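Engineer: Here you go, one structure.
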Amino acid sequence: MSTTLRQLRAFVLVAEQNSFTKAAETLCLTQSALSGLIKELEQNLDVKLFDRTTRKLHLSDAGMRLLPQARRVLNEMSVLNEKVANLKSLHQGHVRLAVSQQLSASTMPKFIAKFCELHPHIQVTLTDCSVDDVVDSIENLEADLGIAPERTYSDDLQTDTLFRSPFYLVLPKSHPFASKDVVRWTDLLNERLITLNGPFIKSLQNELPAQISSRIFNPDFEINFLSTALGMTRMGLGVTICLLYAAEWVELYGLVMRPIAEPVVERNFLLYTHKNRSLSPAALAFKAFLIENAHEFLVSSPKDLNKD
């Protein structure tokens, strides 16, 4: 029979109160039940813990030596229970995020700031990386939650769709298209184009008519980062393409956005998690927070989208 916390608690309380009667009252037990716990503990440890006389009860030599250890075990369990309670009540915890670079640089900071305001004792760390690295981080258990555009992923992962965004054209306020409510993909055929390298644009190849696709994939400038494309657009070197979540970033560069139609092409943004990993209470709270507030990824300033 193994030693139980109930037996240790009975032993410590009898030793501290030097009385079976008082200890039994504190534990809401009968004296016989309490005596049974002490007897079981002595049998488990194969030592005598108390010396009893008709008038007096005191710890045996073994009891005196074991009492500090018993107290330490109970204290450690108390600390463990407190930590568990804190985790469940979100008074502490750590969430590791892997987020695609453009989201990390535009919309994600405000989500982290808002979550930390609601849960100031939870630590949130952010790794900004490529979309493929987001998926790899979740597959390799290096992050709890991943946020990125839709990509091929293994059977070990599961996803929730956070939001969908159509493509937008980004251009200077002085550009003739700035007066339009909507631009068409065919409108871009005679424009100087600045496009992003990688899957973000390459995935359009099979979603657009051949004539338009040919122009998109033969741009005047092909660069790696949206910040560079926005800077070049601001300097009048051409127009570029982005998704709606970057609206605040576009506004910072003094540019405007117009939706592109005929056809409307959209991208799914997913929340990636690992099927075989249990999320901590803190990570579950952040996941629920993201899903509940996912619409805010597409909240933008009217100045970004309306005519000036």
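All residue names refer to the structure tokens as shown: chains lettered A, B, ... in order, residues numbered from 1 in each chain, ligands numbered from 1 in order.
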So which residues of region 132-236 of chain A fall under strand (DSSP E or B) by DSSP, listed as an NGL selection string?
Structural biologist: :A and (145-149 or 157-172 or 183-184 or 193-196 or 221-223)
Engineer: With region 212-230 of chain A as the partner and 12 Å as the cut-off, tabulate the residues of region 251-294 of chain A that qualify, each row holding the nearest pair of atoms and their distance in Å to one decimal, using only C-alpha atoms, sorted by chain and rising number, as a tab-separated table.
Structural biologist:
residue	atom	partner	partner_atom	distance
A:Glu251	CA	A:Leu230	CA	10.0
A:Leu252	CA	A:Leu230	CA	9.7
A:Tyr253	CA	A:Leu230	CA	6.8
A:Gly254	CA	A:Leu230	CA	9.4
A:Leu255	CA	A:Leu230	CA	8.1
A:Val256	CA	A:Leu230	CA	10.4
A:Met257	CA	A:Leu230	CA	11.2
A:Glu262	CA	A:Ile212	CA	10.9
A:Pro263	CA	A:Ile212	CA	10.8
Engineer: Return the single residue from A:Leu188, A:Leu171, A:Ala246, A:Val135 that is closest to Ala105 (chain A), with distances computed using only C-alpha atoms.
Structural biologist: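 That would be A:Ala246, the residue with the smallest distance to Ala105 (chain A).
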Engineer: Looking only at alpha helix (DSSP H) from DSSP on the backbone, list the matching residues of region 108-232 of chain A as a VMD selection string.
Structural biologist: chain A and resid 108 to 118 131 to 139 199 to 202 210 to 216 226 to 232
Engineer: The selected residues should be written to file as a compact mmCIF listing (two decimals), in the first residue's frame (atoms: N, CA and C atoms).
Structural biologist:
# COMPACT_ATOMS: atom_id res chain seq x y z
N MET A 108 -1.17 41.81 -36.36
CA MET A 108 -1.01 40.95 -35.19
C MET A 108 -0.65 41.69 -33.91
N PRO A 109 0.20 42.71 -33.95
CA PRO A 109 0.55 43.40 -32.68
C PRO A 109 -0.65 43.92 -31.90
N LYS A 110 -1.68 44.41 -32.59
CA LYS A 110 -2.82 44.95 -31.84
C LYS A 110 -3.61 43.83 -31.17
N PHE A 111 -3.62 42.62 -31.76
CA PHE A 111 -4.28 41.49 -31.11
C PHE A 111 -3.54 41.08 -29.85
N ILE A 112 -2.21 41.04 -29.95
CA ILE A 112 -1.41 40.67 -28.78
C ILE A 112 -1.59 41.70 -27.67
N ALA A 113 -1.57 42.98 -28.05
CA ALA A 113 -1.71 44.05 -27.05
C ALA A 113 -3.07 43.97 -26.36
N LYS A 114 -4.12 43.71 -27.12
CA LYS A 114 -5.46 43.63 -26.54
C LYS A 114 -5.58 42.41 -25.64
N PHE A 115 -5.02 41.27 -26.06
CA PHE A 115 -5.08 40.07 -25.24
C PHE A 115 -4.31 40.26 -23.94
N CYS A 116 -3.12 40.87 -24.03
CA CYS A 116 -2.30 41.09 -22.83
C CYS A 116 -2.97 42.09 -21.88
N GLU A 117 -3.77 42.98 -22.42
CA GLU A 117 -4.52 43.90 -21.56
C GLU A 117 -5.58 43.14 -20.78
N LEU A 118 -6.20 42.15 -21.43
CA LEU A 118 -7.21 41.33 -20.76
C LEU A 118 -6.59 40.33 -19.80
N VAL A 131 5.36 31.77 -44.48
CA VAL A 131 4.17 30.93 -44.31
C VAL A 131 4.57 29.47 -44.11
N ASP A 132 5.52 28.99 -44.91
CA ASP A 132 5.95 27.59 -44.77
C ASP A 132 6.56 27.33 -43.40
N ASP A 133 7.28 28.33 -42.87
CA ASP A 133 7.88 28.16 -41.54
C ASP A 133 6.82 28.15 -40.44
N VAL A 134 5.71 28.87 -40.66
CA VAL A 134 4.60 28.81 -39.70
C VAL A 134 4.10 27.38 -39.58
N VAL A 135 3.85 26.74 -40.72
CA VAL A 135 3.36 25.37 -40.71
C VAL A 135 4.39 24.43 -40.08
N ASP A 136 5.67 24.62 -40.42
CA ASP A 136 6.72 23.78 -39.84
C ASP A 136 6.81 23.95 -38.33
N SER A 137 6.63 25.17 -37.85
CA SER A 137 6.72 25.44 -36.40
C SER A 137 5.65 24.67 -35.64
N ILE A 138 4.47 24.57 -36.21
CA ILE A 138 3.40 23.81 -35.55
C ILE A 138 3.66 22.32 -35.65
N GLU A 139 4.10 21.86 -36.82
CA GLU A 139 4.38 20.43 -36.99
C GLU A 139 5.50 19.96 -36.06
N PRO A 199 4.76 32.35 -53.00
CA PRO A 199 3.41 31.76 -53.18
C PRO A 199 2.29 32.78 -53.14
N PHE A 200 2.49 33.90 -52.43
CA PHE A 200 1.43 34.91 -52.31
C PHE A 200 0.89 35.30 -53.69
N ILE A 201 1.79 35.55 -54.64
CA ILE A 201 1.38 35.94 -55.99
C ILE A 201 1.29 34.73 -56.91
N LYS A 202 2.22 33.79 -56.76
CA LYS A 202 2.25 32.65 -57.69
C LYS A 202 0.96 31.84 -57.66
N ALA A 210 -5.65 33.84 -68.73
CA ALA A 210 -4.26 33.71 -69.19
C ALA A 210 -3.61 35.05 -69.48
N GLN A 211 -4.35 35.98 -70.12
CA GLN A 211 -3.77 37.27 -70.48
C GLN A 211 -3.34 38.06 -69.23
N ILE A 212 -4.21 38.04 -68.23
CA ILE A 212 -3.91 38.76 -66.98
C ILE A 212 -2.79 38.05 -66.23
N SER A 213 -2.87 36.73 -66.15
CA SER A 213 -1.86 35.96 -65.44
C SER A 213 -0.49 36.21 -66.03
N SER A 214 -0.42 36.26 -67.36
CA SER A 214 0.87 36.51 -68.03
C SER A 214 1.45 37.85 -67.62
N ARG A 215 0.60 38.86 -67.47
CA ARG A 215 1.09 40.20 -67.09
C ARG A 215 1.53 40.21 -65.62
N ILE A 216 0.74 39.57 -64.76
CA ILE A 216 1.08 39.54 -63.33
C ILE A 216 2.42 38.86 -63.11
N LEU A 226 6.42 43.24 -48.53
CA LEU A 226 5.38 44.22 -48.80
C LEU A 226 5.83 45.63 -48.45
N SER A 227 6.61 45.78 -47.38
CA SER A 227 7.09 47.12 -47.01
C SER A 227 7.88 47.76 -48.14
N THR A 228 8.68 46.96 -48.85
CA THR A 228 9.44 47.47 -49.99
C THR A 228 8.49 47.86 -51.12
N ALA A 229 7.48 47.02 -51.37
CA ALA A 229 6.52 47.31 -52.44
C ALA A 229 5.76 48.59 -52.15
N LEU A 230 5.39 48.80 -50.89
CA LEU A 230 4.66 50.02 -50.53
C LEU A 230 5.55 51.25 -50.67
N GLY A 231 6.81 51.12 -50.27
CA GLY A 231 7.74 52.23 -50.42
C GLY A 231 7.94 52.60 -51.88
N MET A 232 8.05 51.61 -52.75
CA MET A 232 8.23 51.87 -54.19
C MET A 232 6.97 52.47 -54.79
Engineer: Go through A:Leu74, A:Leu279, A:Leu290, A:Leu237 one by one, measure the shortest atom-to-atom distance of each to Asp144 (chain A) using only C-alpha atoms, and give the residue with the smallest value.
Structural biologist: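 Distance minimum relative to Asp144 (chain A) lands on A:Leu279.
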Engineer: Can you tell me which residues surround region 41-50 of chain A at a distance of at most 9 Å, considering only C-alpha atoms, apart from same-chain residues fewer than 4 positions away, and format the answer as a PyMOL selection string?
Structural biologist: chain A and resi 1-4+7-8+11+15+36-37+57-64+66
Engineer: Take the selection from the previous step and output its residues with N, CA and C atoms, as a short mmCIF file (atom, residue, chain, number, x, y, z; two decimals), in the first residue's frame.
Structural biologist:
data_model
loop_
_atom_site.label_atom_id
_atom_site.label_comp_id
_atom_site.auth_asym_id
_atom_site.auth_seq_id
_atom_site.Cartn_x
_atom_site.Cartn_y
_atom_site.Cartn_z
N MET A 1 0.85 -1.19 0.00
CA MET A 1 0.00 0.00 0.00
C MET A 1 0.89 1.25 0.00
N SER A 2 0.61 2.21 -0.87
CA SER A 2 1.45 3.39 -0.96
C SER A 2 0.98 4.47 0.01
N THR A 3 1.93 5.32 0.38
CA THR A 3 1.63 6.43 1.28
C THR A 3 0.76 7.46 0.55
N THR A 4 -0.24 7.98 1.25
CA THR A 4 -1.15 8.96 0.65
C THR A 4 -0.97 10.33 1.30
N GLN A 7 -2.78 10.53 4.58
CA GLN A 7 -2.05 9.99 5.72
C GLN A 7 -1.00 10.98 6.21
N LEU A 8 -0.26 11.60 5.28
CA LEU A 8 0.75 12.58 5.65
C LEU A 8 0.13 13.78 6.35
N PHE A 11 -0.68 12.82 9.87
CA PHE A 11 0.55 12.73 10.66
C PHE A 11 1.03 14.11 11.09
N ALA A 15 1.04 15.69 14.94
CA ALA A 15 2.32 16.12 15.50
C ALA A 15 2.26 17.58 15.93
N GLY A 36 -6.62 5.14 12.45
CA GLY A 36 -6.44 4.20 11.34
C GLY A 36 -5.49 4.75 10.28
N LEU A 37 -5.59 6.06 10.00
CA LEU A 37 -4.69 6.67 9.01
C LEU A 37 -3.24 6.63 9.50
N LEU A 57 1.35 12.03 24.53
CA LEU A 57 1.65 11.63 23.16
C LEU A 57 2.83 12.47 22.68
N HIS A 58 3.84 11.81 22.16
CA HIS A 58 4.94 12.59 21.59
C HIS A 58 5.55 11.81 20.43
N LEU A 59 6.25 12.55 19.56
CA LEU A 59 6.85 11.96 18.37
C LEU A 59 7.97 11.01 18.76
N SER A 60 8.05 9.91 18.04
CA SER A 60 9.19 9.02 18.18
C SER A 60 10.40 9.65 17.51
N ASP A 61 11.54 9.04 17.67
CA ASP A 61 12.74 9.55 17.01
C ASP A 61 12.54 9.55 15.48
N ALA A 62 11.97 8.46 14.97
CA ALA A 62 11.70 8.41 13.52
C ALA A 62 10.68 9.48 13.11
N GLY A 63 9.67 9.67 13.95
CA GLY A 63 8.66 10.68 13.66
C GLY A 63 9.25 12.07 13.57
N MET A 64 10.17 12.40 14.50
CA MET A 64 10.80 13.72 14.48
C MET A 64 11.64 13.91 13.21
N LEU A 66 11.14 12.40 10.29
CA LEU A 66 10.31 12.38 9.08
C LEU A 66 9.34 13.56 8.98
#
Engineer: In Å to one decimal, how far is CA of Leu204 (chain A) from CA of Ser179 (chain A)?
Structural biologist: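 Between CA of Ser179 (chain A) and CA of Leu204 (chain A) the gap works out to 25.6 Å.
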Engineer: Would you compute the distance between CA of Ile241 (chain A) and CA of Tyr168 (chain A)? Give it in Å to one decimal.
Structural biologist: 5.7 Å
